[in-house]
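Reproduced below: upload_18.cif, with mmCIF, C-alpha atoms and all ligand atoms.
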```cif
data_input
loop_
_atom_site.label_atom_id
_atom_site.label_comp_id
_atom_site.auth_asym_id
_atom_site.auth_seq_id
_atom_site.Cartn_x
_atom_site.Cartn_y
_atom_site.Cartn_z
CA MET A 1 13.84 -19.24 13.94
CA ASN A 2 10.15 -18.66 14.50
CA THR A 3 8.50 -15.28 15.09
CA ASN A 4 8.64 -15.45 18.89
CA GLU A 5 12.29 -16.51 18.94
CA ILE A 6 13.24 -13.65 16.64
CA ILE A 7 11.39 -11.13 18.81
CA ASP A 8 12.93 -12.50 22.04
CA ILE A 9 16.46 -12.42 20.66
CA GLU A 10 16.04 -8.89 19.38
CA ASP A 11 14.70 -7.77 22.76
CA LYS A 12 17.83 -9.17 24.37
CA TYR A 13 20.51 -7.99 21.94
CA PHE A 14 19.37 -4.80 20.21
CA ILE A 15 19.71 -1.30 21.59
CA ASN A 16 16.12 -0.39 22.19
CA THR A 17 15.38 2.42 19.71
CA PHE A 18 12.34 1.27 17.74
CA THR A 19 8.81 0.48 18.82
CA ARG A 20 8.27 -2.41 16.44
CA GLN A 21 5.10 -3.95 15.14
CA PRO A 22 4.92 -7.59 16.32
CA ILE A 23 5.47 -9.28 12.95
CA VAL A 24 8.58 -10.55 11.17
CA LEU A 25 8.48 -9.69 7.48
CA ASP A 26 10.04 -12.39 5.39
CA HIS A 27 9.54 -11.76 1.70
CA GLY A 28 7.70 -9.50 -0.70
CA ASP A 29 6.25 -9.33 -4.17
CA GLY A 30 4.94 -6.11 -5.72
CA VAL A 31 2.70 -4.32 -3.21
CA LYS A 32 2.49 -7.41 -1.03
CA VAL A 33 4.68 -8.57 1.82
CA TYR A 34 4.51 -11.80 3.78
CA ASP A 35 5.47 -12.50 7.37
CA LYS A 36 7.28 -15.47 8.81
CA ASP A 37 3.94 -17.08 9.71
CA GLY A 38 2.69 -16.89 6.13
CA ASN A 39 0.31 -13.93 6.61
CA GLU A 40 -0.07 -11.65 3.59
CA TYR A 41 -0.18 -7.84 3.80
CA ILE A 42 -0.83 -5.07 1.31
CA ASP A 43 2.02 -2.68 2.01
CA VAL A 44 0.62 0.83 2.18
CA PHE A 45 3.71 2.09 4.01
CA ALA A 46 6.49 0.86 1.68
CA GLY A 47 9.20 0.93 4.33
CA ILE A 48 8.47 4.63 5.01
CA ALA A 49 8.04 5.72 1.41
CA VAL A 50 11.05 3.74 0.20
CA ASN A 51 9.89 0.81 -1.94
CA ILE A 52 8.50 3.00 -4.70
CA LEU A 53 8.43 0.12 -7.19
CA GLY A 54 7.03 -2.34 -4.68
CA HIS A 55 8.99 -5.31 -3.43
CA ASN A 56 11.48 -7.22 -5.53
CA ASN A 57 11.00 -5.31 -8.76
CA LYS A 58 12.52 -7.57 -11.41
CA ARG A 59 14.54 -4.88 -13.12
CA VAL A 60 16.05 -3.66 -9.83
CA VAL A 61 16.81 -7.19 -8.62
CA GLU A 62 18.51 -8.09 -11.89
CA ALA A 63 20.53 -4.87 -11.90
CA ILE A 64 21.74 -5.60 -8.37
CA GLN A 65 22.55 -9.23 -9.23
CA LYS A 66 24.45 -8.28 -12.35
CA GLN A 67 26.44 -5.55 -10.61
CA ALA A 68 27.14 -7.74 -7.57
CA GLU A 69 28.77 -10.30 -9.80
CA LYS A 70 30.92 -7.62 -11.42
CA LEU A 71 31.98 -5.21 -8.66
CA ILE A 72 30.32 -4.40 -5.32
CA HIS A 73 32.52 -1.73 -3.78
CA ILE A 74 35.46 0.44 -4.63
CA SER A 75 36.87 3.47 -2.89
CA ASN A 76 35.71 6.92 -3.91
CA ILE A 77 39.26 7.66 -5.01
CA TYR A 78 38.37 5.81 -8.24
CA TYR A 79 35.73 6.56 -10.86
CA ASN A 80 32.79 4.18 -11.34
CA GLU A 81 30.41 3.93 -14.26
CA PRO A 82 27.04 3.25 -12.54
CA ALA A 83 27.51 6.39 -10.39
CA VAL A 84 28.29 8.53 -13.42
CA GLU A 85 25.44 7.05 -15.44
CA PHE A 86 22.91 7.75 -12.69
CA ALA A 87 24.17 11.28 -12.07
CA LYS A 88 23.89 12.20 -15.73
CA LYS A 89 20.40 10.73 -16.07
CA LEU A 90 19.11 12.35 -12.89
CA ILE A 91 20.63 15.76 -13.43
CA ASP A 92 19.22 15.89 -16.98
CA LEU A 93 15.78 15.51 -15.37
CA THR A 94 16.22 18.32 -12.83
CA CYS A 95 17.05 22.01 -12.60
CA LEU A 96 20.29 21.36 -10.71
CA ASP A 97 23.82 20.66 -11.84
CA ARG A 98 25.95 18.56 -9.51
CA ILE A 99 25.51 15.66 -7.12
CA PHE A 100 27.11 14.31 -3.98
CA TYR A 101 26.20 10.73 -3.04
CA ALA A 102 25.43 9.77 0.55
CA ASN A 103 23.91 6.74 2.29
CA SER A 104 20.89 8.03 4.20
CA GLY A 105 18.56 11.00 4.41
CA ALA A 106 20.28 12.37 7.48
CA GLU A 107 23.65 12.15 5.80
CA ALA A 108 22.36 13.88 2.68
CA ASN A 109 20.98 16.70 4.83
CA GLU A 110 24.17 16.90 6.85
CA GLY A 111 26.17 17.40 3.65
CA ALA A 112 23.68 19.90 2.27
CA ILE A 113 23.88 22.00 5.42
CA LYS A 114 27.68 21.85 5.38
CA ILE A 115 27.93 23.00 1.76
CA ALA A 116 25.45 25.83 2.40
CA LEU A 117 27.46 27.04 5.39
CA LYS A 118 30.76 26.75 3.58
CA TYR A 119 29.55 28.35 0.35
CA THR A 120 27.97 31.36 2.06
CA GLY A 121 30.46 31.69 4.91
CA LYS A 122 27.44 32.41 7.14
CA SER A 123 26.29 30.68 10.31
CA GLU A 124 22.47 30.46 10.44
CA ILE A 125 19.94 28.13 8.84
CA ILE A 126 16.21 28.76 9.15
CA THR A 127 14.15 25.58 9.52
CA THR A 128 10.50 24.97 10.31
CA ASN A 129 8.44 23.71 13.19
CA ASN A 130 7.46 20.05 13.00
CA SER A 131 10.05 19.38 10.33
CA PHE A 132 12.14 16.22 10.31
CA HIS A 133 15.64 16.20 8.85
CA GLY A 134 17.35 13.27 10.57
CA ARG A 135 18.93 11.92 13.74
CA THR A 136 22.56 13.00 13.54
CA LEU A 137 23.33 15.93 15.83
CA LEU A 138 23.43 18.47 13.00
CA THR A 139 20.22 17.25 11.39
CA LEU A 140 18.58 16.89 14.79
CA ALA A 141 19.41 20.55 15.43
CA ALA A 142 17.69 21.34 12.12
CA THR A 143 14.65 19.22 13.00
CA GLY A 144 11.76 21.21 14.41
CA GLN A 145 10.59 18.62 16.94
CA PRO A 146 11.71 19.32 20.53
CA LYS A 147 10.71 15.81 21.67
CA TYR A 148 13.61 14.34 19.65
CA GLN A 149 16.03 17.14 20.53
CA GLU A 150 15.52 17.47 24.25
CA PRO A 151 17.85 14.65 25.49
CA PHE A 152 20.68 16.10 23.41
CA ASN A 153 20.10 19.80 23.96
CA LYS A 154 23.48 20.38 25.61
CA ASN A 155 25.31 19.13 22.52
CA LEU A 156 23.18 20.27 19.59
CA PRO A 157 25.07 22.42 17.10
CA GLN A 158 24.09 26.10 17.16
CA GLY A 159 22.79 28.27 14.37
CA PHE A 160 19.39 26.74 13.59
CA ILE A 161 16.46 29.12 13.83
CA ASN A 162 13.16 27.31 13.99
CA VAL A 163 10.03 29.10 12.75
CA PRO A 164 6.39 27.99 12.37
CA TYR A 165 5.75 26.04 9.16
CA ASN A 166 3.63 27.68 6.48
CA ASP A 167 4.25 31.17 7.87
CA ILE A 168 6.04 33.59 5.54
CA ASP A 169 6.10 36.46 8.03
CA ALA A 170 7.90 34.25 10.54
CA ILE A 171 10.56 33.49 7.94
CA LYS A 172 10.98 37.16 7.08
CA ALA A 173 11.34 38.03 10.76
CA ALA A 174 13.98 35.34 11.32
CA ILE A 175 16.31 36.46 8.53
CA THR A 176 19.55 38.13 9.67
CA ASP A 177 22.85 39.05 8.00
CA GLU A 178 24.07 35.61 9.05
CA THR A 179 21.30 33.62 7.31
CA ALA A 180 22.96 31.09 5.01
CA ALA A 181 19.89 29.12 3.99
CA ILE A 182 16.25 28.30 4.52
CA MET A 183 15.71 24.56 4.77
CA VAL A 184 12.25 23.10 4.34
CA GLU A 185 10.38 19.94 3.37
CA PRO A 186 8.02 20.74 0.46
CA ILE A 187 5.45 18.61 2.29
CA GLN A 188 6.27 17.64 5.86
CA GLY A 189 6.33 13.88 6.25
CA GLU A 190 7.09 12.86 9.83
CA GLY A 191 5.49 16.05 11.14
CA GLY A 192 2.03 14.86 10.02
CA VAL A 193 1.90 15.01 6.20
CA ASN A 194 1.52 18.77 6.35
CA VAL A 195 0.82 20.47 3.04
CA PRO A 196 1.70 24.18 2.88
CA ASP A 197 -0.41 26.88 1.24
CA GLU A 198 -0.01 26.90 -2.52
CA ASN A 199 2.20 30.02 -2.54
CA TYR A 200 4.34 29.24 0.50
CA LEU A 201 7.30 27.67 -1.28
CA LYS A 202 7.18 30.14 -4.14
CA GLU A 203 7.29 33.04 -1.68
CA ILE A 204 10.20 31.47 0.21
CA SER A 205 11.98 31.01 -3.09
CA GLU A 206 11.45 34.67 -3.99
CA ILE A 207 12.69 35.84 -0.58
CA CYS A 208 15.78 33.67 -1.00
CA LYS A 209 16.53 35.10 -4.44
CA GLU A 210 15.98 38.67 -3.24
CA LYS A 211 18.20 38.33 -0.18
CA GLY A 212 20.89 36.03 -1.59
CA ILE A 213 19.91 33.19 0.77
CA LEU A 214 20.12 29.56 -0.34
CA LEU A 215 16.98 27.46 -0.52
CA ILE A 216 17.52 23.86 0.62
CA LEU A 217 14.61 21.52 0.00
CA ASP A 218 14.60 18.28 1.95
CA GLU A 219 13.02 15.94 -0.61
CA VAL A 220 14.06 12.81 1.25
CA GLN A 221 10.44 11.73 1.64
CA THR A 222 8.74 13.69 -1.16
CA GLY A 223 11.28 12.87 -3.87
CA PHE A 224 11.48 10.13 -6.46
CA GLY A 225 7.92 10.30 -7.63
CA ARG A 226 6.18 10.18 -4.28
CA CYS A 227 4.07 13.28 -5.00
CA GLY A 228 3.50 12.48 -8.68
CA THR A 229 6.48 14.43 -10.03
CA LEU A 230 10.13 13.36 -9.83
CA PHE A 231 10.60 15.94 -7.06
CA ALA A 232 7.81 17.71 -5.20
CA HIS A 233 9.19 21.20 -5.81
CA GLU A 234 8.14 20.83 -9.46
CA LEU A 235 4.54 21.07 -8.23
CA PHE A 236 5.26 24.55 -6.95
CA ASP A 237 7.29 25.75 -9.90
CA ILE A 238 10.40 26.76 -7.98
CA LYS A 239 14.11 26.33 -8.48
CA PRO A 240 15.91 25.50 -5.22
CA ASP A 241 19.67 25.82 -4.80
CA ILE A 242 20.00 22.46 -3.09
CA ILE A 243 17.77 19.41 -2.85
CA THR A 244 18.37 16.35 -0.71
CA MET A 245 17.13 12.87 -1.51
CA ALA A 246 17.20 9.33 -0.15
CA LYS A 247 14.34 6.85 0.50
CA GLY A 248 12.86 6.04 -2.92
CA MET A 249 16.11 6.73 -4.75
CA GLY A 250 17.35 3.14 -4.70
CA GLY A 251 13.98 1.43 -4.46
CA GLY A 252 15.10 -0.14 -1.16
CA VAL A 253 18.88 -0.11 -1.15
CA PRO A 254 20.60 2.56 0.97
CA ILE A 255 21.52 5.35 -1.41
CA ALA A 256 21.02 9.07 -0.88
CA GLY A 257 22.48 12.32 -2.05
CA PHE A 258 22.13 16.01 -2.63
CA LEU A 259 21.99 18.08 -5.78
CA VAL A 260 23.23 21.64 -6.01
CA THR A 261 23.59 24.38 -8.59
CA GLU A 262 26.89 24.83 -10.40
CA GLU A 263 27.50 27.91 -8.26
CA VAL A 264 26.86 26.27 -4.87
CA ALA A 265 29.02 23.31 -5.87
CA LYS A 266 32.00 25.67 -5.63
CA GLY A 267 31.47 25.57 -1.85
CA PHE A 268 33.22 22.20 -1.57
CA GLN A 269 36.78 21.47 -2.53
CA PRO A 270 38.57 18.10 -2.16
CA GLY A 271 38.78 17.28 1.52
CA ASP A 272 35.72 19.31 2.58
CA HIS A 273 33.40 16.31 2.61
CA GLY A 274 33.49 12.59 1.89
CA THR A 275 32.07 9.11 2.38
CA THR A 276 33.36 5.55 2.12
CA PHE A 277 30.23 3.92 0.74
CA GLY A 278 28.34 6.79 -0.91
CA GLY A 279 27.78 6.36 -4.64
CA GLY A 280 29.17 2.82 -4.72
CA PRO A 281 28.61 0.77 -7.88
CA LEU A 282 26.09 -1.64 -6.36
CA VAL A 283 23.63 0.93 -5.04
CA CYS A 284 24.03 3.12 -8.11
CA ALA A 285 23.20 0.16 -10.35
CA ALA A 286 19.99 -0.24 -8.35
CA ALA A 287 19.22 3.50 -8.57
CA ASN A 288 19.74 3.42 -12.33
CA ALA A 289 17.22 0.61 -12.64
CA VAL A 290 14.77 2.51 -10.41
CA LEU A 291 14.99 5.63 -12.52
CA ASP A 292 14.58 3.72 -15.79
CA GLU A 293 11.58 1.85 -14.44
CA LEU A 294 10.02 5.07 -13.12
CA TYR A 295 9.95 6.58 -16.60
CA GLU A 296 9.64 3.59 -18.91
CA ASN A 297 6.75 2.08 -16.99
CA ASN A 298 4.78 5.31 -16.47
CA VAL A 299 5.04 4.98 -12.72
CA LEU A 300 4.60 8.73 -12.16
CA ASP A 301 1.33 8.69 -14.14
CA ASN A 302 0.10 5.80 -12.02
CA CYS A 303 1.05 7.70 -8.88
CA VAL A 304 -1.01 10.73 -9.93
CA GLU A 305 -4.00 8.72 -11.09
CA VAL A 306 -4.17 6.27 -8.19
CA GLY A 307 -3.17 9.00 -5.72
CA ASN A 308 -6.09 11.18 -6.80
CA TYR A 309 -8.42 8.21 -6.64
CA PHE A 310 -7.16 7.30 -3.15
CA LYS A 311 -7.56 10.84 -1.85
CA ASN A 312 -11.02 11.06 -3.32
CA GLU A 313 -12.07 7.78 -1.71
CA LEU A 314 -10.66 8.96 1.61
CA GLU A 315 -12.61 12.19 1.31
CA LYS A 316 -15.79 10.15 0.74
CA LEU A 317 -14.92 8.16 3.86
CA GLN A 318 -14.43 11.42 5.74
CA GLU A 319 -18.06 12.30 5.03
CA LYS A 320 -19.12 9.09 6.79
CA LYS A 321 -16.67 9.19 9.69
CA GLU A 322 -16.66 12.04 12.16
CA LYS A 323 -13.32 10.84 13.45
CA ILE A 324 -11.61 11.96 10.24
CA ALA A 325 -10.68 15.60 10.69
CA ASP A 326 -8.71 16.10 7.47
CA VAL A 327 -7.44 14.35 4.35
CA ARG A 328 -4.39 15.89 2.66
CA GLY A 329 -1.41 15.19 0.45
CA TYR A 330 -0.10 14.99 -3.09
CA GLY A 331 0.28 11.91 -5.25
CA LEU A 332 0.79 8.89 -3.04
CA MET A 333 1.82 10.79 0.07
CA ILE A 334 -1.46 11.10 1.90
CA GLY A 335 -2.28 11.87 5.51
CA VAL A 336 -5.58 11.25 7.26
CA GLU A 337 -5.78 13.32 10.41
CA LEU A 338 -7.95 11.83 13.11
CA ASP A 339 -9.48 13.61 16.07
CA CYS A 340 -7.99 10.90 18.31
CA PRO A 341 -4.72 8.93 18.59
CA GLY A 342 -4.11 6.73 15.55
CA ALA A 343 -1.90 3.89 16.87
CA GLU A 344 -4.77 1.47 17.52
CA TYR A 345 -5.89 1.77 13.88
CA VAL A 346 -2.43 0.84 12.69
CA ASP A 347 -2.78 -2.35 14.74
CA SER A 348 -6.31 -3.13 13.56
CA MET A 349 -5.36 -2.50 9.92
CA ARG A 350 -2.38 -4.82 10.30
CA GLU A 351 -4.61 -7.51 11.75
CA LYS A 352 -6.71 -7.16 8.59
CA GLY A 353 -3.65 -7.48 6.35
CA PHE A 354 -2.66 -3.85 5.66
CA LEU A 355 0.56 -2.14 6.70
CA ILE A 356 0.00 1.53 7.45
CA ASN A 357 1.63 3.99 9.81
CA CYS A 358 0.65 6.76 12.16
CA THR A 359 2.76 9.88 12.50
CA ASP A 360 2.56 12.90 14.80
CA GLY A 361 0.22 10.90 17.06
CA ASN A 362 -2.99 11.20 15.11
CA VAL A 363 -2.20 11.24 11.40
CA LEU A 364 -2.54 7.97 9.50
CA ARG A 365 0.11 8.09 6.80
CA PHE A 366 -0.28 6.35 3.47
CA VAL A 367 2.88 6.14 1.35
CA PRO A 368 2.44 2.93 -0.68
CA PRO A 369 4.54 1.70 -3.59
CA LEU A 370 3.82 3.97 -6.57
CA ILE A 371 2.70 0.93 -8.57
CA ILE A 372 -0.30 0.30 -6.31
CA THR A 373 -3.60 -0.18 -8.19
CA LYS A 374 -7.11 1.17 -7.68
CA GLU A 375 -8.20 -2.37 -6.81
CA ASP A 376 -5.68 -2.44 -3.97
CA ILE A 377 -6.90 0.98 -2.83
CA ASP A 378 -10.50 -0.27 -2.80
CA LYS A 379 -9.41 -2.99 -0.36
CA VAL A 380 -7.62 -0.45 1.83
CA ILE A 381 -10.73 1.75 1.93
CA VAL A 382 -13.04 -1.14 2.88
CA ALA A 383 -10.70 -2.12 5.71
CA LEU A 384 -10.33 1.47 6.93
CA ASP A 385 -14.08 1.92 6.86
CA GLU A 386 -14.43 -1.14 9.09
CA VAL A 387 -11.70 -0.25 11.60
CA LEU A 388 -12.72 3.38 11.95
N1 LIG A 401 14.36 13.98 5.96
C1 LIG A 401 13.10 13.60 5.84
C2 LIG A 401 12.10 14.53 5.22
C3 LIG A 401 12.69 12.34 6.28
O1 LIG A 401 11.41 11.97 6.15
C4 LIG A 401 13.65 11.48 6.85
C5 LIG A 401 13.30 10.08 7.34
N2 LIG A 401 12.01 9.84 7.68
C6 LIG A 401 14.97 11.92 6.94
C7 LIG A 401 15.30 13.18 6.49
C8 LIG A 401 16.05 11.03 7.52
O2 LIG A 401 16.34 10.01 6.65
P1 LIG A 401 17.18 8.72 7.14
O3 LIG A 401 16.33 7.99 8.12
O4 LIG A 401 17.45 7.95 5.89
O5 LIG A 401 18.42 9.25 7.75
#
```

Please express what this file holds, its structure, as structure tokens.
Ligand code: PMP
Amino acid sequence: MNTNEIIDIEDKYFINTFTRQPIVLDHGDGVKVYDKDGNEYIDVFAGIAVNILGHNNKRVVEAIQKQAEKLIHISNIYYNEPAVEFAKKLIDLTCLDRIFYANSGAEANEGAIKIALKYTGKSEIITTNNSFHGRTLLTLAATGQPKYQEPFNKNLPQGFINVPYNDIDAIKAAITDETAAIMVEPIQGEGGVNVPDENYLKEISEICKEKGILLILDEVQTGFGRCGTLFAHELFDIKPDIITMAKGMGGGVPIAGFLVTEEVAKGFQPGDHGTTFGGGPLVCAAANAVLDELYENNVLDNCVEVGNYFKNELEKLQEKKEKIADVRGYGLMIGVELDCPGAEYVDSMREKGFLINCTDGNVLRFVPPLIITKEDIDKVIVALDEVL
């Protein structure tokens, strides 16, 4: 099929939920992807912060191939080695104790909310304005974006109290005897790459400890090295009770999960939660390879170094371009807020061979593979300079 045929058939057969860019991506290699018509792009979006090792990382591909030949799927009523191997490796790297595997960010958040409610026996979760936690009804209720919630208002689960982001007093005022947890993204992704004040998360963490409230961090977008540390909460020196993860975890295959403390894990007993596919051998083999590559190839160091360079170059560009209102982010999760809508710049960057994204209307979001080089960044900056 050619590009136009693919687009026409999709228009006819798919439920219309995505506003797609008019290209058909066909294959990838490192930070580059190629469309069906042979055009090359530097991928500065990485499938929304997913392809942390770029496209077709050799180690991940080989791990998937090897596992696929051995065993693709079993039921969760049996043990499987790749899942156990990954859990042990990951948990040794974090401040948490137990894992539940899921298949998507929304599902990880759904499970995290359920365990928090069940463990505490309480009914309210405080979430923040402009947050994004997923599209299932429970995670939509947690999401602080009325535009996504409005069509489903009659059926959204109750108990979510939404407060302004980055506002400690608002959190304090929202706490009641029924507060089970505070749920927050360390850095808001979909909401516009919003970075909180340095003390915000630490203060939330202290309030939680003082009042016996659980702290759930949604690290679906910030996790797996995106901000230069394995999880973003390490930047703020806090110890959450629950973290959720997805996106970068499998380097492109659908694997997600949540980690909890030993204590919170007591909230679930057999039968309280489950999944058919979660933690299957194939995706766990991929996640194992991702984690090994992340550490053995110094990917986090590259993220910090190139991320700082990128941010610095963007700040220099900001001095030249009045349109740029703000540059913010950590590691390779960077937002450039414009004083005008950003969609047209996504198009003009794509036409120049760069995949970027715009979120919250006017924030250009840069979440490239963590292996991107300064040379690639130089090319991105030249192109941005031209289109802006
Ligand atoms: N939480 C956050 C912070 C996210 O950024 C996203 C996806 N953009 C989700 C949850 C939902 O993840 P998924 O699309 O895998 O369900």

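Comparing the minimum interatomic distances between ligand LIG 401 (chain A) and each of A:Asp169, A:Asp292, A:Asp241, A:Glu110, counting all atoms listed in the file, we find that A:Glu110 sits nearest.
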
Please check which protein, DNA or RNA residues sit within 7 Å of ligand LIG 401 (chain A), counting only C-alpha atoms and all ligand atoms, and write them as a compact mmCIF listing (two decimals) with C-alpha atoms, keeping the file's coordinate frame.
```txt
# COMPACT_ATOMS: atom_id res chain seq x y z
CA ILE A 48 8.47 4.63 5.01
CA SER A 104 20.89 8.03 4.20
CA GLY A 105 18.56 11.00 4.41
CA ALA A 106 20.28 12.37 7.48
CA GLU A 107 23.65 12.15 5.80
CA ASN A 109 20.98 16.70 4.83
CA PHE A 132 12.14 16.22 10.31
CA HIS A 133 15.64 16.20 8.85
CA GLY A 134 17.35 13.27 10.57
CA ARG A 135 18.93 11.92 13.74
CA GLU A 185 10.38 19.94 3.37
CA GLN A 188 6.27 17.64 5.86
CA GLY A 189 6.33 13.88 6.25
CA GLU A 190 7.09 12.86 9.83
CA ASP A 218 14.60 18.28 1.95
CA GLU A 219 13.02 15.94 -0.61
CA VAL A 220 14.06 12.81 1.25
CA GLN A 221 10.44 11.73 1.64
CA ALA A 246 17.20 9.33 -0.15
CA LYS A 247 14.34 6.85 0.50
```

All residues 7 Å or closer to A:Cys284, only C-alpha atoms, same chain fewer than 6 positions away omitted, as a ChimeraX atom specification: /A:82-83,86

Distance of atom CA of A:Glu234 from atom CA of A:Gln145, expressed in Å to one decimal place: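 One can read the atom CA of A:Gln145 to atom CA of A:Glu234 distance as 26.6 Å.
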
Contacts of A:Gln318 within 12 Å, only C-alpha atoms, excl. fewer than 5 positions in-chain, as an NGL selection string: :A and (311-313 or 323-328 or 336-339 or 381 or 384-385 or 388)

Prev. selection, C-alpha atoms, output as an mmCIF file, in the coordinates of the input:
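What follows is the written file selection30.cif:
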```cif
data_model
loop_
_atom_site.group_PDB
_atom_site.id
_atom_site.type_symbol
_atom_site.label_atom_id
_atom_site.label_comp_id
_atom_site.auth_asym_id
_atom_site.auth_seq_id
_atom_site.Cartn_x
_atom_site.Cartn_y
_atom_site.Cartn_z
ATOM 1 C CA LYS A 311 -7.560 10.840 -1.850
ATOM 2 C CA ASN A 312 -11.020 11.060 -3.320
ATOM 3 C CA GLU A 313 -12.070 7.780 -1.710
ATOM 4 C CA LYS A 323 -13.320 10.840 13.450
ATOM 5 C CA ILE A 324 -11.610 11.960 10.240
ATOM 6 C CA ALA A 325 -10.680 15.600 10.690
ATOM 7 C CA ASP A 326 -8.710 16.100 7.470
ATOM 8 C CA VAL A 327 -7.440 14.350 4.350
ATOM 9 C CA ARG A 328 -4.390 15.890 2.660
ATOM 10 C CA VAL A 336 -5.580 11.250 7.260
ATOM 11 C CA GLU A 337 -5.780 13.320 10.410
ATOM 12 C CA LEU A 338 -7.950 11.830 13.110
ATOM 13 C CA ASP A 339 -9.480 13.610 16.070
ATOM 14 C CA ILE A 381 -10.730 1.750 1.930
ATOM 15 C CA LEU A 384 -10.330 1.470 6.930
ATOM 16 C CA ASP A 385 -14.080 1.920 6.860
ATOM 17 C CA LEU A 388 -12.720 3.380 11.950
#
```

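Between A:Asp97 and the candidates A:Gln65, A:Thr261, A:Asn130, A:Asn308, the tightest atom-to-atom separation, counting only C-alpha atoms, involves A:Thr261.
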
Nearest residue to A:Ala287 from the set A:Val253, A:Val299, A:Cys227, A:Ile216 (distances using all atoms listed in the file): A:Val253

Who sits within 7 Å of A:Pro254, only C-alpha atoms, same chain under 4 positions skipped, as a list in words: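 Near neighbours after the sequence-gap exclusion: Asn103, Ser104, Gly250 and Val283 of chain A.
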
Two-atom distance - atom CA of A:Thr94, atom CA of A:Ile204 (Å):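 Between atom CA of A:Thr94 and atom CA of A:Ile204 the gap is 19.5 Å.
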
Which of A:Pro157, A:Tyr78, A:Gly252, A:Lys266 sits closest to A:Gly28 [using all atoms listed in the file]: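 Smallest distance to A:Gly28 is found for A:Gly252.
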
Point-to-point distance from atom CA of A:Pro164 to atom CA of A:Lys239, Å rounded to tenths: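 So the answer is 22.3 Å.
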